[in-house]
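Listing of coords_14.cif, mmCIF, C-alpha atoms and all ligand atoms
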```
data_protein
loop_
_atom_site.label_atom_id
_atom_site.label_comp_id
_atom_site.auth_asym_id
_atom_site.auth_seq_id
_atom_site.Cartn_x
_atom_site.Cartn_y
_atom_site.Cartn_z
CA MET C 90 0.00 0.00 0.00
CA LYS C 91 1.24 3.48 -0.87
CA ARG C 92 2.02 5.80 2.03
CA THR C 93 2.30 9.55 1.78
CA TYR C 94 2.89 12.29 4.32
CA PHE C 95 2.82 16.06 4.15
CA ILE C 96 5.31 17.75 6.46
CA THR C 97 4.33 21.10 7.88
CA GLY C 98 5.74 23.16 10.73
CA THR C 99 4.88 25.70 13.38
CA ASP C 100 6.91 28.21 11.34
CA THR C 101 9.67 28.39 8.79
CA ASN C 102 13.11 27.26 9.99
CA VAL C 103 11.69 24.76 12.48
CA GLY C 104 13.18 21.54 11.11
CA LYS C 105 10.78 20.49 8.33
CA THR C 106 13.60 19.60 5.96
CA SER C 107 15.44 17.67 8.69
CA ALA C 108 12.24 15.80 9.51
CA THR C 109 11.55 15.09 5.82
CA LEU C 110 15.06 13.68 5.29
CA ALA C 111 14.88 11.65 8.52
CA LEU C 112 11.47 10.24 7.54
CA MET C 113 12.78 9.31 4.09
CA THR C 114 15.69 7.52 5.80
CA TYR C 115 13.27 5.82 8.18
CA PHE C 116 11.23 4.39 5.29
CA LYS C 117 14.38 3.26 3.50
CA GLN C 118 15.39 1.46 6.71
CA GLN C 119 12.00 -0.32 6.49
CA ASN C 120 13.01 -1.53 3.01
CA LEU C 121 10.43 0.68 1.33
CA SER C 122 11.20 2.78 -1.71
CA VAL C 123 10.75 6.49 -1.05
CA VAL C 124 10.82 9.73 -2.97
CA GLY C 125 10.40 13.24 -1.65
CA MET C 126 8.83 16.40 -2.93
CA LYS C 127 9.33 20.08 -2.14
CA PRO C 128 6.64 21.50 -4.44
CA VAL C 129 7.23 25.16 -3.63
CA ALA C 130 10.63 26.57 -2.63
CA SER C 131 11.65 30.19 -2.12
CA GLY C 132 15.35 31.00 -2.11
CA CYS C 133 17.23 29.39 -4.97
CA GLU C 134 20.59 29.66 -6.66
CA LYS C 135 21.33 29.20 -10.31
CA ILE C 136 23.12 25.94 -11.04
CA ASP C 137 23.90 25.17 -14.69
CA GLY C 138 21.36 27.82 -15.72
CA GLU C 139 18.47 26.47 -13.60
CA TRP C 140 17.08 27.70 -10.28
CA ARG C 141 17.78 25.15 -7.58
CA ASN C 142 16.79 25.12 -3.89
CA SER C 143 18.97 23.45 -1.25
CA ASP C 144 16.04 21.69 0.51
CA ALA C 145 14.80 20.26 -2.77
CA LEU C 146 18.31 19.13 -3.78
CA ALA C 147 18.77 17.33 -0.44
CA ILE C 148 15.35 15.69 -0.84
CA GLN C 149 16.21 14.66 -4.41
CA LYS C 150 19.48 13.12 -3.18
CA MET C 151 17.77 11.23 -0.35
CA GLY C 152 15.29 9.46 -2.64
CA SER C 153 15.75 5.75 -3.27
CA GLN C 154 15.73 6.52 -6.97
CA PHE C 155 16.56 9.45 -9.19
CA VAL C 156 13.68 11.84 -9.79
CA ASP C 157 13.85 14.70 -12.25
CA TYR C 158 14.27 17.97 -10.33
CA SER C 159 11.34 19.73 -11.98
CA LEU C 160 9.05 16.89 -10.94
CA LEU C 161 9.82 17.21 -7.25
CA ASN C 162 10.23 21.00 -7.18
CA PRO C 163 8.04 22.53 -9.91
CA TYR C 164 8.14 25.99 -8.26
CA ALA C 165 11.71 27.12 -7.52
CA TYR C 166 11.66 30.86 -6.81
CA GLU C 167 14.83 32.89 -6.65
CA LEU C 168 14.07 35.16 -3.70
CA PRO C 169 13.79 33.91 -0.11
CA ILE C 170 10.40 35.56 0.43
CA SER C 171 6.82 34.30 0.50
CA PRO C 172 5.89 32.42 -2.72
CA HIS C 173 2.90 34.70 -3.37
CA LEU C 174 5.33 37.64 -3.56
CA THR C 175 8.23 36.08 -5.44
CA GLY C 176 5.99 34.02 -7.73
CA LYS C 177 4.00 36.83 -9.39
CA GLU C 178 5.27 35.93 -12.88
CA ASN C 179 4.79 32.19 -12.46
CA PRO C 180 2.24 31.67 -9.69
CA VAL C 181 1.71 28.33 -7.99
CA ASP C 182 -0.91 26.16 -9.67
CA LEU C 183 -2.12 23.40 -7.34
CA GLU C 184 -3.25 21.27 -10.30
CA LYS C 185 0.33 21.12 -11.59
CA ILE C 186 1.64 20.12 -8.16
CA PHE C 187 -1.08 17.48 -7.88
CA ALA C 188 -0.17 16.01 -11.28
CA ASN C 189 3.52 15.82 -10.28
CA PHE C 190 2.55 14.29 -6.93
CA GLN C 191 0.56 11.54 -8.67
CA THR C 192 3.54 10.76 -10.91
CA LEU C 193 5.78 10.50 -7.84
CA GLN C 194 3.27 8.23 -6.10
CA ASN C 195 3.58 5.81 -9.00
CA LEU C 196 7.37 5.71 -8.61
CA ALA C 197 7.77 4.62 -4.99
CA ASP C 198 6.08 3.02 -1.96
CA VAL C 199 6.27 6.24 0.03
CA VAL C 200 6.16 9.93 -0.90
CA VAL C 201 7.15 12.53 1.71
CA VAL C 202 6.17 16.10 0.79
CA GLU C 203 7.76 19.07 2.55
CA GLY C 204 5.54 22.15 2.73
CA ALA C 205 6.84 25.72 2.84
CA GLY C 206 6.59 28.01 5.85
CA GLY C 207 3.68 27.22 8.17
CA TRP C 208 0.09 26.07 7.67
CA TYR C 209 -1.37 29.31 6.38
CA ALA C 210 1.68 30.43 4.38
CA PRO C 211 0.33 31.94 1.14
CA LEU C 212 1.34 30.18 -2.10
CA ASN C 213 -0.35 32.57 -4.51
CA ASP C 214 -2.95 35.35 -4.26
CA ASN C 215 -5.71 32.97 -3.16
CA GLU C 216 -4.25 29.74 -1.83
CA THR C 217 -2.13 28.61 1.09
CA ILE C 218 -0.20 25.55 2.24
CA ALA C 219 -3.48 24.38 3.81
CA ASP C 220 -5.10 24.38 0.35
CA LEU C 221 -2.18 22.44 -1.11
CA ALA C 222 -2.37 19.85 1.68
CA ARG C 223 -6.13 19.55 1.16
CA LYS C 224 -5.58 19.04 -2.54
CA LEU C 225 -3.08 16.23 -1.89
CA ASN C 226 -5.39 14.90 0.87
CA VAL C 227 -2.73 13.00 2.81
CA PRO C 228 -1.92 12.73 6.53
CA ILE C 229 0.00 15.65 8.00
CA ILE C 230 3.06 15.50 10.23
CA LEU C 231 3.68 18.64 12.27
CA VAL C 232 7.24 19.67 13.08
CA VAL C 233 7.63 21.71 16.25
CA ALA C 234 10.90 23.52 17.00
CA ILE C 235 11.33 23.32 20.75
CA LYS C 236 11.72 26.86 22.02
CA LEU C 237 9.85 29.52 23.98
CA GLY C 238 6.48 30.12 22.30
CA CYS C 239 6.24 26.73 20.62
CA ILE C 240 3.36 25.44 22.75
CA ASN C 241 1.07 28.20 21.50
CA HIS C 242 2.25 27.76 17.91
CA ALA C 243 1.81 23.99 18.03
CA LEU C 244 -1.72 24.18 19.50
CA LEU C 245 -2.76 26.79 16.93
CA THR C 246 -1.36 24.76 14.06
CA VAL C 247 -2.98 21.48 15.09
CA GLU C 248 -6.31 23.28 15.43
CA ALA C 249 -5.86 24.82 11.97
CA ILE C 250 -4.94 21.44 10.42
CA GLN C 251 -8.05 19.87 11.93
CA HIS C 252 -10.12 22.85 10.78
CA SER C 253 -8.88 22.09 7.25
CA GLY C 254 -10.40 18.62 7.63
CA LEU C 255 -7.09 16.78 7.50
CA ASN C 256 -5.69 14.08 9.73
CA CYS C 257 -2.62 15.00 11.75
CA ALA C 258 -0.73 11.70 11.97
CA GLY C 259 1.59 13.04 14.64
CA TRP C 260 4.27 15.53 15.49
CA ILE C 261 8.05 15.61 15.67
CA ALA C 262 9.99 17.66 18.20
CA VAL C 263 13.12 19.25 16.72
CA CYS C 264 15.49 20.70 19.30
CA ASN C 265 17.30 23.16 17.05
CA ALA C 266 17.70 26.03 19.50
CA ALA C 267 21.22 25.76 20.95
CA ASN C 268 20.56 27.75 24.11
CA PHE C 269 17.06 26.68 25.06
CA PHE C 270 17.38 25.16 28.53
CA CYS C 271 13.85 23.84 29.08
CA VAL C 272 13.58 21.18 26.39
CA ASP C 273 12.26 18.22 28.41
CA LEU C 274 9.55 20.13 30.29
CA THR C 275 8.44 21.87 27.09
CA ILE C 276 8.11 18.53 25.28
CA GLU C 277 6.23 17.12 28.29
CA SER C 278 3.89 20.12 28.20
CA LEU C 279 3.27 19.57 24.49
CA VAL C 280 2.60 15.85 24.99
CA ALA C 281 0.03 16.74 27.67
CA ARG C 282 -1.76 19.19 25.38
CA LEU C 283 -1.48 17.90 21.81
CA LYS C 284 -3.92 15.07 21.20
CA ILE C 285 -1.80 13.53 18.44
CA PRO C 286 1.10 11.05 18.76
CA LEU C 287 4.67 12.20 19.28
CA LEU C 288 6.56 10.40 16.48
CA GLY C 289 10.06 11.39 17.52
CA VAL C 290 12.36 13.78 19.35
CA PHE C 291 15.42 15.02 17.46
CA PRO C 292 18.09 16.23 19.92
CA TYR C 293 20.22 19.27 19.24
CA SER C 294 23.10 18.40 16.96
CA GLU C 295 25.40 20.62 14.92
CA GLN C 296 25.69 17.95 12.24
CA ALA C 297 22.59 15.97 11.25
CA ASP C 298 22.96 12.19 11.20
CA PHE C 299 19.81 11.04 9.38
CA GLU C 300 20.45 7.33 10.03
CA ASP C 301 20.43 8.13 13.75
CA LEU C 302 17.43 10.50 13.54
CA ALA C 303 15.45 7.87 11.60
CA LYS C 304 15.98 5.42 14.48
CA ARG C 305 14.30 7.95 16.78
CA ILE C 306 11.07 7.83 14.74
CA LYS C 307 8.28 5.54 15.94
CA PHE C 308 4.95 5.05 14.21
CA ASP C 309 2.27 3.03 16.12
N1 LIG E 1 18.39 18.60 15.49
C1 LIG E 1 18.92 19.79 15.15
N2 LIG E 1 19.90 20.35 15.89
C2 LIG E 1 20.42 21.55 15.56
N3 LIG E 1 20.05 22.26 14.48
C3 LIG E 1 19.09 21.74 13.71
C4 LIG E 1 18.46 20.49 13.98
N4 LIG E 1 17.53 20.26 13.03
C5 LIG E 1 17.56 21.30 12.20
N5 LIG E 1 18.49 22.19 12.59
C6 LIG E 1 18.80 23.47 11.96
O1 LIG E 1 17.64 24.30 12.08
C7 LIG E 1 17.47 25.09 10.92
C8 LIG E 1 16.11 24.84 10.33
O2 LIG E 1 16.01 23.48 9.93
P1 LIG E 1 15.29 23.09 8.57
O3 LIG E 1 15.12 21.60 8.58
O4 LIG E 1 15.98 23.69 7.41
O5 LIG E 1 13.87 23.82 8.81
P2 LIG E 1 12.68 24.20 7.79
O6 LIG E 1 12.73 23.18 6.70
O7 LIG E 1 11.46 24.12 8.64
O8 LIG E 1 12.95 25.59 7.32
C9 LIG E 1 18.61 24.70 9.96
O9 LIG E 1 19.67 25.62 10.12
C10 LIG E 1 19.04 23.32 10.46
O10 LIG E 1 20.39 23.04 10.20
MG MG E 2 12.90 23.41 4.63
#
```
Using structure tokens, write down the structure that the file contains.
Ligand SMILES: Nc1ncnc2c1ncn2[C@@H]1O[C@H](COP(=O)(O)OP(=O)(O)O)[C@@H](O)[C@H]1O
Ligand SMILES: [Mg+2]
Amino acid sequence: MKRTYFITGTDTNVGKTSATLALMTYFKQQNLSVVGMKPVASGCEKIDGEWRNSDALAIQKMGSQFVDYSLLNPYAYELPISPHLTGKENPVDLEKIFANFQTLQNLADVVVVEGAGGWYAPLNDNETIADLARKLNVPIILVVAIKLGCINHALLTVEAIQHSGLNCAGWIAVCNAANFFCVDLTIESLVARLKIPLLGVFPYSEQADFEDLAKRIKFD
């Protein structure tokens, strides 16, 4: 059976890419074939004449098979600003993303899709990440960066995901704040309040080891 997940976060820079790469590694460790997708990326550099985003390149590299870049990242915007601002000339079309997503689903057992920004991040003048996730209609995994303020952000985001009518399969705690000294109690407080499973805790680490992070993921 095909499995797919959409990775969102409490904000940008919270660990969505780390979680996506760790989940891809996890599925490879389960002997499943996996490909990733980063449908909309802001902040690209030109490589051999084409705009390329570092998240999307890492996701491409992590796949169990080669996938053409434009399939996994159809919207690669130069500027590191919201897609609805940088994408005026070539706005996001959810139908195109959906078509690419279906092609990817036919290529592997598992597809892991990294969102952009948080749940209500605008993708074009009318649509947000929530609309994209609804279009793909797959379970959501919420990434929470463990820091002051994250409990409020996590509760708001889970409520918004549920308001969108989607299933939140669980959340991942990413401890990416070097100087935050209240990690354990904050995670405990989140566990007590979020009514979705905690799928893994990624400790602070300067250098990501995705084989190790994957071993910290547990699905029921
Ligand atoms: N476990 C971790 N420990 C320390 N830093 C981390 C960890 N996970 C992610 N980071 C760092 O946090 C930042 C945001 O992570 P990233 O996965 O790129 O987030 P997003 O995809 O949500 O923007 C990056 O600089 C990344 O290197
Ligand atoms: Mg990212």
Once you count all atoms listed in the file, which residues end up within 6 Å of ligand MG 2 (chain E), and could you hand them over as a tab-separated table (two decimals) with C-alpha atoms, in the coordinates of the input?
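Okay, pocket08.tsv is ready:
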```tsv
chain	number	residue	atom	x	y	z
C	105	LYS	CA	10.78	20.49	8.33
C	106	THR	CA	13.60	19.60	5.96
C	144	ASP	CA	16.04	21.69	0.51
```
Query - Surrounding residues as number ranges by chain, ligand LIG 1 (chain E), max 6 Å, all atoms listed in the file - result: C: 101-107, 263-265, 291-295
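Here atom CA of C:Ser143 is placed at a distance of 28.5 Å from atom CA of C:Leu245.
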**Report entry** Residue contacts of C:Cys271 (10 Å, all atoms listed in the file) excluding same-chain residues fewer than 2 positions away, as a VMD selection string
**Finding:** chain C and resid 235 to 237 268 to 269 273 to 276
**Report entry** Spatial neighbours of stretch 128-133 of chain C, 9 Å, only C-alpha atoms, chain gap at least 2 places, as a PyMOL selection string
**Finding:** chain C and resi 126+135+140-145+160-172+175-176+181+186+189-190+202-205+212
Report summary line: Correct to one decimal, the distance atom CA of C:Tyr209-atom CA of C:Asn195 is 28.5 Å
Spatial neighbours of C:Val227, max dist 12 Å, all atoms listed in the file, sep filter under 2 positions, as a short mmCIF file (atom, residue, chain, number, x, y, z; two decimals) with C-alpha atoms, in the frame of the given file:
```cif
data_model
loop_
_atom_site.label_atom_id
_atom_site.label_comp_id
_atom_site.auth_asym_id
_atom_site.auth_seq_id
_atom_site.Cartn_x
_atom_site.Cartn_y
_atom_site.Cartn_z
CA LYS C 91 1.24 3.48 -0.87
CA ARG C 92 2.02 5.80 2.03
CA THR C 93 2.30 9.55 1.78
CA TYR C 94 2.89 12.29 4.32
CA PHE C 95 2.82 16.06 4.15
CA ILE C 96 5.31 17.75 6.46
CA THR C 97 4.33 21.10 7.88
CA PHE C 187 -1.08 17.48 -7.88
CA PHE C 190 2.55 14.29 -6.93
CA GLN C 194 3.27 8.23 -6.10
CA VAL C 199 6.27 6.24 0.03
CA VAL C 200 6.16 9.93 -0.90
CA VAL C 201 7.15 12.53 1.71
CA VAL C 202 6.17 16.10 0.79
CA ALA C 219 -3.48 24.38 3.81
CA ASP C 220 -5.10 24.38 0.35
CA LEU C 221 -2.18 22.44 -1.11
CA ALA C 222 -2.37 19.85 1.68
CA ARG C 223 -6.13 19.55 1.16
CA LYS C 224 -5.58 19.04 -2.54
CA LEU C 225 -3.08 16.23 -1.89
CA ILE C 229 0.00 15.65 8.00
CA ILE C 230 3.06 15.50 10.23
CA ILE C 250 -4.94 21.44 10.42
CA SER C 253 -8.88 22.09 7.25
CA GLY C 254 -10.40 18.62 7.63
CA LEU C 255 -7.09 16.78 7.50
CA ASN C 256 -5.69 14.08 9.73
CA CYS C 257 -2.62 15.00 11.75
CA ALA C 258 -0.73 11.70 11.97
#
```
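Using only C-alpha atoms for every distance, the candidate list C:Ala188, C:Leu193, C:Ala108, C:Leu174 yields C:Leu193 as the residue closest to C:Gly152.
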Report summary line: With distances taken over all atoms listed in the file, the candidate from C:Ile285, C:Ile218, C:Ala243, C:Leu196 nearest C:Lys127 is C:Ile218
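Across the structure, atom CA of C:Gly259 and atom CA of C:Glu277 are spaced 15.0 Å apart.
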Report task. May I have the residues within 12 Å of C:Ile240 as a ChimeraX atom specification, using all atoms listed in the file and disregarding those fewer than 5 positions away in the same chain? Result -> /C:99,232-235,245-247,262,272,274-283
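Proximity to C:Asp182 was assessed for C:Asn213, C:Ser159, C:Glu134, C:Gly125 counting only C-alpha atoms; the smallest distance is recorded for C:Asn213.
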**Report entry** Expected answer as a PyMOL selection string: all residues with atoms within 12 Å of (17.4, 6.1, 16.4), all atoms listed in the file
**Finding:** chain C and resi 111-112+114-115+118+288-292+298-307
